[in-house]
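**Q** Input structure: query-v8.pdb, which contains PDB, C-alpha atoms, pLDDT in the B column.
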```pdb
MODEL        1
ATOM      1  CA  MET K   1      -3.502   0.283 -72.290  1.00 87.00           C
ATOM      2  CA  ARG K   2      -1.983   2.581 -69.660  1.00 96.00           C
ATOM      3  CA  GLU K   3       1.562   3.851 -70.059  1.00 97.00           C
ATOM      4  CA  LEU K   4       4.407   3.575 -67.583  1.00 98.00           C
ATOM      5  CA  VAL K   5       6.140   6.965 -67.746  1.00 98.00           C
ATOM      6  CA  TYR K   6       9.592   7.552 -66.290  1.00 98.00           C
ATOM      7  CA  TYR K   7       9.553  11.283 -65.535  1.00 97.00           C
ATOM      8  CA  VAL K   8      12.807  12.277 -63.875  1.00 97.00           C
ATOM      9  CA  ALA K   9      15.434  14.991 -63.518  1.00 95.00           C
ATOM     10  CA  VAL K  10      18.777  13.977 -64.962  1.00 97.00           C
ATOM     11  CA  SER K  11      22.212  15.494 -65.452  1.00 97.00           C
ATOM     12  CA  ILE K  12      23.876  15.866 -68.840  1.00 96.00           C
ATOM     13  CA  ASP K  13      25.909  12.755 -68.066  1.00 97.00           C
ATOM     14  CA  GLY K  14      22.906  10.604 -67.141  1.00 96.00           C
ATOM     15  CA  TYR K  15      22.718  10.710 -63.329  1.00 97.00           C
ATOM     16  CA  ILE K  16      19.494  11.252 -61.389  1.00 96.00           C
ATOM     17  CA  ALA K  17      21.252  11.874 -58.067  1.00 94.00           C
ATOM     18  CA  ALA K  18      24.667  12.266 -56.493  1.00 92.00           C
ATOM     19  CA  PRO K  19      26.429   9.174 -55.079  1.00 91.00           C
ATOM     20  CA  ASP K  20      24.818   9.807 -51.656  1.00 89.00           C
ATOM     21  CA  GLY K  21      21.338   9.938 -53.228  1.00 87.00           C
ATOM     22  CA  SER K  22      20.971  13.713 -52.931  1.00 87.00           C
ATOM     23  CA  TYR K  23      19.538  15.639 -55.841  1.00 86.00           C
ATOM     24  CA  ASP K  24      19.972  19.206 -54.625  1.00 88.00           C
ATOM     25  CA  ALA K  25      22.381  19.956 -57.492  1.00 89.00           C
ATOM     26  CA  PHE K  26      19.359  20.152 -59.789  1.00 90.00           C
ATOM     27  CA  PRO K  27      18.068  23.745 -59.942  1.00 83.00           C
ATOM     28  CA  LEU K  28      14.604  24.409 -58.521  1.00 82.00           C
ATOM     29  CA  GLU K  29      14.465  27.829 -60.108  1.00 86.00           C
ATOM     30  CA  GLY K  30      14.389  28.966 -63.707  1.00 86.00           C
ATOM     31  CA  ASP K  31      11.966  29.401 -66.551  1.00 91.00           C
ATOM     32  CA  HIS K  32      11.536  25.617 -66.909  1.00 91.00           C
ATOM     33  CA  VAL K  33       9.852  25.348 -63.480  1.00 88.00           C
ATOM     34  CA  ALA K  34       6.584  26.952 -64.628  1.00 90.00           C
ATOM     35  CA  THR K  35       6.246  24.293 -67.339  1.00 91.00           C
ATOM     36  CA  MET K  36       6.969  21.502 -64.864  1.00 91.00           C
ATOM     37  CA  VAL K  37       4.328  22.830 -62.466  1.00 91.00           C
ATOM     38  CA  SER K  38       1.677  23.474 -65.110  1.00 91.00           C
ATOM     39  CA  GLU K  39       2.129  20.322 -67.191  1.00 93.00           C
ATOM     40  CA  PHE K  40       3.313  17.808 -64.605  1.00 95.00           C
ATOM     41  CA  SER K  41       1.491  18.779 -61.406  1.00 95.00           C
ATOM     42  CA  ASP K  42       0.367  15.161 -60.930  1.00 97.00           C
ATOM     43  CA  ALA K  43       4.045  14.275 -60.376  1.00 96.00           C
ATOM     44  CA  ILE K  44       4.584  16.853 -57.635  1.00 95.00           C
ATOM     45  CA  PRO K  45       4.328  15.570 -54.055  1.00 95.00           C
ATOM     46  CA  ALA K  46       1.104  16.595 -52.302  1.00 95.00           C
ATOM     47  CA  HIS K  47       2.865  18.521 -49.529  1.00 94.00           C
ATOM     48  CA  VAL K  48       4.759  20.598 -52.113  1.00 93.00           C
ATOM     49  CA  LEU K  49       1.562  21.319 -54.036  1.00 95.00           C
ATOM     50  CA  SER K  50      -0.080  22.398 -50.796  1.00 94.00           C
ATOM     51  CA  ALA K  51       2.826  24.706 -49.902  1.00 93.00           C
ATOM     52  CA  LEU K  52       2.492  26.316 -53.344  1.00 91.00           C
ATOM     53  CA  GLY K  53      -1.272  26.691 -52.941  1.00 94.00           C
ATOM     54  CA  LEU K  54      -1.863  24.336 -55.865  1.00 94.00           C
ATOM     55  CA  SER K  55      -3.570  21.036 -56.479  1.00 93.00           C
ATOM     56  CA  ALA K  56      -2.789  18.267 -58.938  1.00 95.00           C
ATOM     57  CA  ALA K  57      -4.508  18.593 -62.316  1.00 93.00           C
ATOM     58  CA  GLY K  58      -5.407  14.890 -62.336  1.00 94.00           C
ATOM     59  CA  ASP K  59      -5.032  14.682 -66.090  1.00 96.00           C
ATOM     60  CA  ARG K  60      -1.717  12.883 -66.612  1.00 96.00           C
ATOM     61  CA  PHE K  61      -1.139  10.321 -63.831  1.00 98.00           C
ATOM     62  CA  ASP K  62      -3.389   8.545 -61.335  1.00 98.00           C
ATOM     63  CA  THR K  63      -0.788   6.091 -60.007  1.00 98.00           C
ATOM     64  CA  VAL K  64       2.819   6.335 -58.840  1.00 98.00           C
ATOM     65  CA  ILE K  65       5.413   3.635 -58.267  1.00 98.00           C
ATOM     66  CA  GLN K  66       8.696   4.402 -56.565  1.00 97.00           C
ATOM     67  CA  GLY K  67      11.605   2.591 -55.013  1.00 94.00           C
ATOM     68  CA  ARG K  68      12.054   2.325 -51.278  1.00 92.00           C
ATOM     69  CA  ALA K  69      14.959   4.807 -51.176  1.00 90.00           C
ATOM     70  CA  SER K  70      12.829   7.421 -52.962  1.00 91.00           C
ATOM     71  CA  TYR K  71       9.923   6.760 -50.606  1.00 94.00           C
ATOM     72  CA  ASP K  72      12.204   7.014 -47.574  1.00 91.00           C
ATOM     73  CA  ILE K  73      12.946  10.660 -48.433  1.00 89.00           C
ATOM     74  CA  ALA K  74       9.360  11.531 -47.517  1.00 91.00           C
ATOM     75  CA  LEU K  75       9.278   9.135 -44.563  1.00 91.00           C
ATOM     76  CA  ARG K  76      12.252  10.912 -42.990  1.00 91.00           C
ATOM     77  CA  GLU K  77      10.076  14.041 -42.970  1.00 92.00           C
ATOM     78  CA  GLY K  78       7.159  12.158 -41.407  1.00 93.00           C
ATOM     79  CA  ILE K  79       5.186  11.994 -44.662  1.00 94.00           C
ATOM     80  CA  THR K  80       3.697   8.545 -45.244  1.00 94.00           C
ATOM     81  CA  ARG K  81       1.706   9.493 -48.382  1.00 96.00           C
ATOM     82  CA  PRO K  82       3.863  11.823 -50.450  1.00 96.00           C
ATOM     83  CA  TYR K  83       1.570  11.376 -53.439  1.00 97.00           C
ATOM     84  CA  SER K  84      -1.756  11.189 -51.633  1.00 96.00           C
ATOM     85  CA  HIS K  85      -3.515  12.424 -54.789  1.00 97.00           C
ATOM     86  CA  LEU K  86      -2.377   9.231 -56.593  1.00 98.00           C
ATOM     87  CA  ALA K  87      -2.619   5.496 -55.956  1.00 97.00           C
ATOM     88  CA  GLU K  88       0.795   4.854 -54.374  1.00 97.00           C
ATOM     89  CA  TYR K  89       2.985   1.780 -54.819  1.00 97.00           C
ATOM     90  CA  VAL K  90       6.437   1.302 -53.292  1.00 97.00           C
ATOM     91  CA  ALA K  91       8.844  -1.391 -54.474  1.00 97.00           C
ATOM     92  CA  THR K  92      10.306  -2.939 -51.329  1.00 95.00           C
ATOM     93  CA  ARG K  93      11.162  -6.284 -49.839  1.00 90.00           C
ATOM     94  CA  SER K  94      11.152  -4.962 -46.284  1.00 84.00           C
ATOM     95  CA  GLY K  95       8.233  -7.108 -45.139  1.00 82.00           C
ATOM     96  CA  LYS K  96       6.976  -4.221 -43.007  1.00 84.00           C
ATOM     97  CA  PRO K  97       3.306  -3.298 -43.280  1.00 89.00           C
ATOM     98  CA  ALA K  98       2.524  -0.424 -45.622  1.00 90.00           C
ATOM     99  CA  PRO K  99       0.913   2.745 -44.300  1.00 92.00           C
ATOM    100  CA  GLU K 100      -2.767   3.165 -45.110  1.00 93.00           C
ATOM    101  CA  GLY K 101      -3.189   4.210 -48.742  1.00 94.00           C
ATOM    102  CA  VAL K 102       0.202   2.850 -49.835  1.00 96.00           C
ATOM    103  CA  THR K 103       0.790  -0.575 -51.375  1.00 96.00           C
ATOM    104  CA  PHE K 104       4.171  -2.264 -50.907  1.00 96.00           C
ATOM    105  CA  THR K 105       5.200  -4.674 -53.651  1.00 96.00           C
ATOM    106  CA  ALA K 106       8.104  -7.103 -53.705  1.00 96.00           C
ATOM    107  CA  ASP K 107       7.542  -7.707 -57.441  1.00 97.00           C
ATOM    108  CA  PRO K 108       7.267  -4.294 -59.107  1.00 97.00           C
ATOM    109  CA  LEU K 109       7.465  -5.722 -62.621  1.00 97.00           C
ATOM    110  CA  ALA K 110       4.410  -7.937 -62.070  1.00 98.00           C
ATOM    111  CA  THR K 111       2.622  -5.074 -60.295  1.00 98.00           C
ATOM    112  CA  VAL K 112       3.213  -2.670 -63.193  1.00 98.00           C
ATOM    113  CA  ARG K 113       2.055  -5.266 -65.706  1.00 98.00           C
ATOM    114  CA  GLN K 114      -1.172  -5.707 -63.719  1.00 98.00           C
ATOM    115  CA  LEU K 115      -1.683  -1.957 -63.379  1.00 98.00           C
ATOM    116  CA  LYS K 116      -1.211  -1.439 -67.114  1.00 98.00           C
ATOM    117  CA  GLU K 117      -4.101  -3.827 -67.782  1.00 97.00           C
ATOM    118  CA  GLN K 118      -6.475  -1.772 -65.610  1.00 97.00           C
ATOM    119  CA  PRO K 119      -8.289   1.325 -66.840  1.00 97.00           C
ATOM    120  CA  GLY K 120      -6.864   4.660 -65.800  1.00 97.00           C
ATOM    121  CA  LEU K 121      -4.362   7.379 -66.547  1.00 98.00           C
ATOM    122  CA  GLY K 122      -0.604   7.026 -66.820  1.00 98.00           C
ATOM    123  CA  ILE K 123       1.575   5.376 -64.195  1.00 98.00           C
ATOM    124  CA  TYR K 124       4.309   7.691 -62.932  1.00 98.00           C
ATOM    125  CA  LEU K 125       7.636   5.974 -62.309  1.00 98.00           C
ATOM    126  CA  CYS K 126       9.082   8.288 -59.686  1.00 95.00           C
ATOM    127  CA  GLY K 127      12.415   6.585 -59.128  1.00 84.00           C
ATOM    128  CA  GLY K 128      14.978   5.569 -58.430  1.00 89.00           C
ATOM    129  CA  GLY K 129      17.451   4.293 -60.929  1.00 94.00           C
ATOM    130  CA  THR K 130      17.542   0.679 -59.762  1.00 94.00           C
ATOM    131  CA  LEU K 131      13.752   0.426 -59.963  1.00 96.00           C
ATOM    132  CA  ALA K 132      13.768   2.087 -63.395  1.00 96.00           C
ATOM    133  CA  GLY K 133      16.331  -0.446 -64.596  1.00 95.00           C
ATOM    134  CA  SER K 134      14.192  -3.340 -63.398  1.00 95.00           C
ATOM    135  CA  LEU K 135      11.093  -1.834 -65.034  1.00 97.00           C
ATOM    136  CA  LEU K 136      12.813  -0.930 -68.311  1.00 95.00           C
ATOM    137  CA  PRO K 137      10.941  -3.685 -70.215  1.00 94.00           C
ATOM    138  CA  GLU K 138       7.651  -1.947 -69.310  1.00 97.00           C
ATOM    139  CA  ILE K 139       8.609   1.737 -69.698  1.00 97.00           C
ATOM    140  CA  ASP K 140       6.554   3.241 -72.512  1.00 98.00           C
ATOM    141  CA  ARG K 141       7.606   6.873 -72.263  1.00 98.00           C
ATOM    142  CA  LEU K 142      10.606   8.794 -70.923  1.00 98.00           C
ATOM    143  CA  ILE K 143      10.262  12.433 -69.930  1.00 98.00           C
ATOM    144  CA  LEU K 144      13.701  13.663 -68.964  1.00 98.00           C
ATOM    145  CA  LYS K 145      14.200  16.996 -67.251  1.00 96.00           C
ATOM    146  CA  ARG K 146      17.770  17.396 -68.506  1.00 96.00           C
ATOM    147  CA  ASN K 147      19.723  19.811 -66.323  1.00 95.00           C
ATOM    148  CA  PRO K 148      22.803  21.707 -67.538  1.00 95.00           C
ATOM    149  CA  ILE K 149      25.163  20.109 -65.033  1.00 95.00           C
ATOM    150  CA  VAL K 150      27.624  17.232 -64.988  1.00 96.00           C
ATOM    151  CA  LEU K 151      27.659  15.171 -61.794  1.00 96.00           C
ATOM    152  CA  GLY K 152      30.466  12.823 -62.840  1.00 96.00           C
ATOM    153  CA  ASP K 153      29.194  10.048 -60.585  1.00 96.00           C
ATOM    154  CA  GLY K 154      26.034   9.058 -58.788  1.00 95.00           C
ATOM    155  CA  ILE K 155      22.846   7.134 -59.343  1.00 94.00           C
ATOM    156  CA  ARG K 156      22.484   6.329 -63.018  1.00 96.00           C
ATOM    157  CA  LEU K 157      19.240   6.889 -64.905  1.00 96.00           C
ATOM    158  CA  PHE K 158      18.653   3.129 -65.038  1.00 96.00           C
ATOM    159  CA  GLY K 159      20.808   2.150 -62.077  1.00 93.00           C
ATOM    160  CA  PRO K 160      22.928  -0.957 -62.457  1.00 89.00           C
ATOM    161  CA  ALA K 161      20.661  -2.443 -65.162  1.00 83.00           C
ATOM    162  CA  ASP K 162      22.046  -5.264 -67.263  1.00 84.00           C
ATOM    163  CA  PRO K 163      23.280  -4.185 -70.696  1.00 84.00           C
ATOM    164  CA  THR K 164      20.387  -4.046 -73.125  1.00 86.00           C
ATOM    165  CA  MET K 165      19.300  -2.105 -76.159  1.00 90.00           C
ATOM    166  CA  ILE K 166      15.794  -0.720 -76.269  1.00 93.00           C
ATOM    167  CA  ARG K 167      15.012   1.923 -78.848  1.00 96.00           C
ATOM    168  CA  PHE K 168      13.045   5.038 -77.954  1.00 97.00           C
ATOM    169  CA  ASP K 169      12.009   7.723 -80.439  1.00 98.00           C
ATOM    170  CA  LEU K 170      12.379  11.401 -79.586  1.00 98.00           C
ATOM    171  CA  VAL K 171       8.933  13.015 -79.874  1.00 98.00           C
ATOM    172  CA  GLY K 172       9.654  16.382 -78.305  1.00 97.00           C
ATOM    173  CA  CYS K 173      12.349  18.587 -76.874  1.00 98.00           C
ATOM    174  CA  ARG K 174      11.854  21.979 -75.292  1.00 97.00           C
ATOM    175  CA  THR K 175      14.763  24.104 -74.205  1.00 97.00           C
ATOM    176  CA  PHE K 176      14.679  26.918 -71.688  1.00 96.00           C
ATOM    177  CA  GLY K 177      16.758  29.982 -70.960  1.00 95.00           C
ATOM    178  CA  SER K 178      17.813  28.323 -67.697  1.00 93.00           C
ATOM    179  CA  GLY K 179      19.730  25.784 -69.772  1.00 94.00           C
ATOM    180  CA  ALA K 180      17.334  22.997 -68.844  1.00 95.00           C
ATOM    181  CA  ALA K 181      15.558  20.911 -71.457  1.00 96.00           C
ATOM    182  CA  ILE K 182      12.543  18.636 -71.309  1.00 96.00           C
ATOM    183  CA  GLU K 183      13.085  15.699 -73.637  1.00 98.00           C
ATOM    184  CA  GLU K 184      10.265  13.268 -74.364  1.00 98.00           C
ATOM    185  CA  TYR K 185      10.751   9.825 -75.842  1.00 98.00           C
ATOM    186  CA  VAL K 186       8.323   6.991 -76.618  1.00 98.00           C
ATOM    187  CA  ARG K 187       9.237   3.350 -76.962  1.00 97.00           C
ATOM    188  CA  SER K 188       9.869   2.564 -80.602  1.00 95.00           C
ATOM    189  CA  ALA K 189       7.401   0.276 -82.357  1.00 89.00           C
ATOM    190  CA  ASP K 190      10.392  -1.466 -84.035  1.00 75.00           C
TER     191      ASP K 190
ENDMDL
END
```
Using structure tokens, write down the structure that the file contains.
**A**
Amino acid sequence: MRELVYYVAVSIDGYIAAPDGSYDAFPLEGDHVATMVSEFSDAIPAHVLSALGLSAAGDRFDTVIQGRASYDIALREGITRPYSHLAEYVATRSGKPAPEGVTFTADPLATVRQLKEQPGLGIYLCGGGTLAGSLLPEIDRLILKRNPIVLGDGIRLFGPADPTMIRFDLVGCRTFGSGAAIEEYVRSAD
């Protein structure tokens, strides 16, 4: 069965963005960036890959699901398919028609459950926190790009999710001279 993987940058205190939704506090430079580009190129937007002269490896993810606020970041720049190298799903209740190549879903939990039953690579949960909270029952793996900053407030890793306890086991942690760390967790079998 396919995995739903929440791969996201996060502050020490568990925020994925500032209160206004911006994430520019997270450093885009440092020795951790080469690892992110080489190992997680499938999770880099197509226009960024193109600007870097790269292409997605196609070995980790073949599908992305993101919340409407995350998708709107690209739309504001005129990009309707930010992950054109992946099958794209956007959780929204807007009722507007989706651009060609993008699927809008009003029930992301049901959509993810259906996608997990299909053959393929991993499903990249791009964000945001509210969507991650609603999909927490289906998240199989967490890959956290932990940044050495404290935001103090903002969008939480799992948004305003209801209190719950789900155990994940740490399966890897790499630290970098930049102070960043990549932590990887899998859902516990317990």
**Q** Name every residue that the PyMOL selection byres ((chain K and resi 55) around 9) selects in this structure, writing the answer as a ChimeraX atom specification with chains first and numbers rising.
**A** /K:41-42,46,49-50,52-54,56-58,85
**Q** Find the residue from K:Val10, K:Ile139, K:Ala51, K:Ile182 that sits nearest to K:Asp153; use all atoms listed in the file when measuring.
**A**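 Once distances to K:Asp153 are computed over all atoms listed in the file, the minimum belongs to K:Val10.
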**Q** Name the residues that the PyMOL selection byres ((chain K and resi 74-79) around 12) pulls out of this structure, and write them as a PyMOL selection string.
**A** chain K and resi 45-48+66-73+80-84+98-100+102
**Q** Compile the contact shell of K:Ala181 as number ranges by chain: residues with an atom at most 8 Å away, counting all atoms listed in the file, same-chain residues fewer than 6 positions apart removed.
**A** K: 32, 144-147, 173-175
**Q** Translate the PyMOL selection byres ((chain K and resi 2-8) around 9) into a concrete residue list for this structure, as a ChimeraX atom specification.
**A** /K:1,9-10,16,43,61,112,115-128,132,135,138-146,157
**Q** Can you work out the spacing between atom CA of K:Gly152 and atom CA of K:Tyr15 in Å, to one decimal?
**A**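 Atom-to-atom, atom CA of K:Gly152 to atom CA of K:Tyr15, that is 8.0 Å.
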**Q** Atom CA of K:Val37 and atom CA of K:Val150 are how many Å apart?
**A**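 A separation of 24.1 Å between them.
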**Q** Using all atoms listed in the file for the distances, tell me which of K:Pro108, K:Gly30, K:Gly133, K:Gly179 is nearest to K:Ala91.
**A** K:Pro108
**Q** Could you jot down the atom CA of K:Asp169 to atom CA of K:Asp13 separation for me, Å, one decimal place?
**A**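 Atom CA of K:Asp13 lies at a distance of 19.3 Å from atom CA of K:Asp169.
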**Q** In the coordinates of the file, take the point (8.4, -5.4, -43.7) and a cut-off of 12 Å; then, counting only C-alpha atoms, name each qualifying protein, DNA or RNA residue as a list in words.
**A** Arg68, Val90, Ala91, Thr92, Arg93, Ser94, Gly95, Lys96, Pro97, Ala98, Pro99, Thr103, Phe104, Thr105 and Ala106 of chain K
**Q** Take the point (6.8, 1.0, -82.4) as written in the file and pick out every residue within 10 Å of it, counting only C-alpha atoms; give the list as number ranges by chain.
**A** K: 167-169, 186-190
**Q** Find the residues around K:Ala25 up to 9 Å (only C-alpha atoms counted), leave out those fewer than 5 positions away in its own chain, and share them as number ranges by chain.
**A** K: 17-18, 149, 151
**Q** Check the smallest atom-to-atom distance from each of K:Asp162, K:Asp31, K:Asp107, K:Glu88 to K:Asp62 using all atoms listed in the file, then report the winner.
**A** K:Glu88
**Q** Which of these, K:Ala180, K:Met36, K:Leu131, K:Val64, has the shortest distance to K:Pro160 once you count all atoms listed in the file?
**A**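 Residue with the minimum atom-to-atom distance to K:Pro160: K:Leu131.
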**Q** Would you save stretch 55-136 of chain K from the block above with C-alpha atoms, as a compact mmCIF listing (two decimals), in the first residue's frame?
**A**
```txt
# COMPACT_ATOMS: atom_id res chain seq x y z
CA SER K 55 14.22 17.61 -12.97
CA ALA K 56 12.39 15.49 -10.43
CA ALA K 57 13.94 12.07 -9.79
CA GLY K 58 10.52 10.39 -9.88
CA ASP K 59 11.56 7.84 -7.29
CA ARG K 60 9.84 8.98 -4.09
CA PHE K 61 6.46 10.59 -4.89
CA ASP K 62 4.09 10.48 -7.86
CA THR K 63 1.18 12.33 -6.22
CA VAL K 64 0.81 15.48 -4.14
CA ILE K 65 -2.08 16.70 -2.01
CA GLN K 66 -2.13 20.20 -0.59
CA GLY K 67 -4.52 22.59 1.05
CA ARG K 68 -6.05 25.50 -0.80
CA ALA K 69 -3.92 28.12 1.00
CA SER K 70 -0.74 26.28 -0.02
CA TYR K 71 -1.98 25.99 -3.60
CA ASP K 72 -2.89 29.68 -3.68
CA ILE K 73 0.78 30.60 -3.19
CA ALA K 74 1.51 29.30 -6.68
CA LEU K 75 -1.73 30.68 -8.13
CA ARG K 76 -0.76 34.20 -7.04
CA GLU K 77 2.30 33.79 -9.27
CA GLY K 78 0.18 32.56 -12.18
CA ILE K 79 1.24 28.92 -11.74
CA THR K 80 -1.72 26.55 -11.99
CA ARG K 81 0.34 23.32 -11.81
CA PRO K 82 3.09 23.85 -9.27
CA TYR K 83 3.81 20.13 -9.19
CA SER K 84 3.23 19.32 -12.85
CA HIS K 85 5.55 16.31 -12.53
CA LEU K 86 3.09 14.75 -10.03
CA ALA K 87 -0.62 13.95 -9.99
CA GLU K 88 -1.96 17.03 -8.16
CA TYR K 89 -4.83 17.15 -5.68
CA VAL K 90 -6.00 20.25 -3.82
CA ALA K 91 -8.28 20.09 -0.78
CA THR K 92 -10.88 22.81 -1.27
CA ARG K 93 -14.57 23.43 -0.95
CA SER K 94 -14.52 26.40 -3.31
CA GLY K 95 -16.75 24.78 -5.93
CA LYS K 96 -14.67 26.40 -8.67
CA PRO K 97 -13.49 24.20 -11.53
CA ALA K 98 -9.96 22.88 -11.20
CA PRO K 99 -7.33 23.78 -13.78
CA GLU K 100 -6.44 21.03 -16.24
CA GLY K 101 -4.21 18.45 -14.56
CA VAL K 102 -5.33 19.35 -11.03
CA THR K 103 -8.07 17.58 -9.08
CA PHE K 104 -10.02 19.51 -6.44
CA THR K 105 -11.43 17.44 -3.59
CA ALA K 106 -13.87 18.48 -0.88
CA ASP K 107 -13.15 15.24 1.02
CA PRO K 108 -9.36 14.88 1.25
CA LEU K 109 -9.54 12.03 3.75
CA ALA K 110 -11.63 9.87 1.39
CA THR K 111 -9.42 10.91 -1.54
CA VAL K 112 -6.23 9.89 0.27
CA ARG K 113 -7.76 6.57 1.30
CA GLN K 114 -8.64 5.88 -2.35
CA LEU K 115 -5.20 6.93 -3.57
CA LYS K 116 -3.49 4.66 -1.04
CA GLU K 117 -5.34 1.67 -2.50
CA GLN K 118 -3.99 2.39 -6.00
CA PRO K 119 -0.56 1.30 -7.19
CA GLY K 120 2.14 3.93 -7.25
CA LEU K 121 4.80 5.75 -5.29
CA GLY K 122 4.33 7.78 -2.13
CA ILE K 123 1.77 10.54 -1.73
CA TYR K 124 3.36 13.84 -0.74
CA LEU K 125 1.34 15.85 1.77
CA CYS K 126 2.55 19.34 0.95
CA GLY K 127 0.56 21.30 3.50
CA GLY K 128 -0.78 23.09 5.25
CA GLY K 129 -1.29 22.44 8.90
CA THR K 130 -5.08 22.26 8.86
CA LEU K 131 -5.03 19.69 6.06
CA ALA K 132 -2.32 17.71 7.86
CA GLY K 133 -4.45 17.67 11.00
CA SER K 134 -7.44 16.35 9.09
CA LEU K 135 -5.29 13.69 7.40
CA LEU K 136 -3.45 12.65 10.57
```
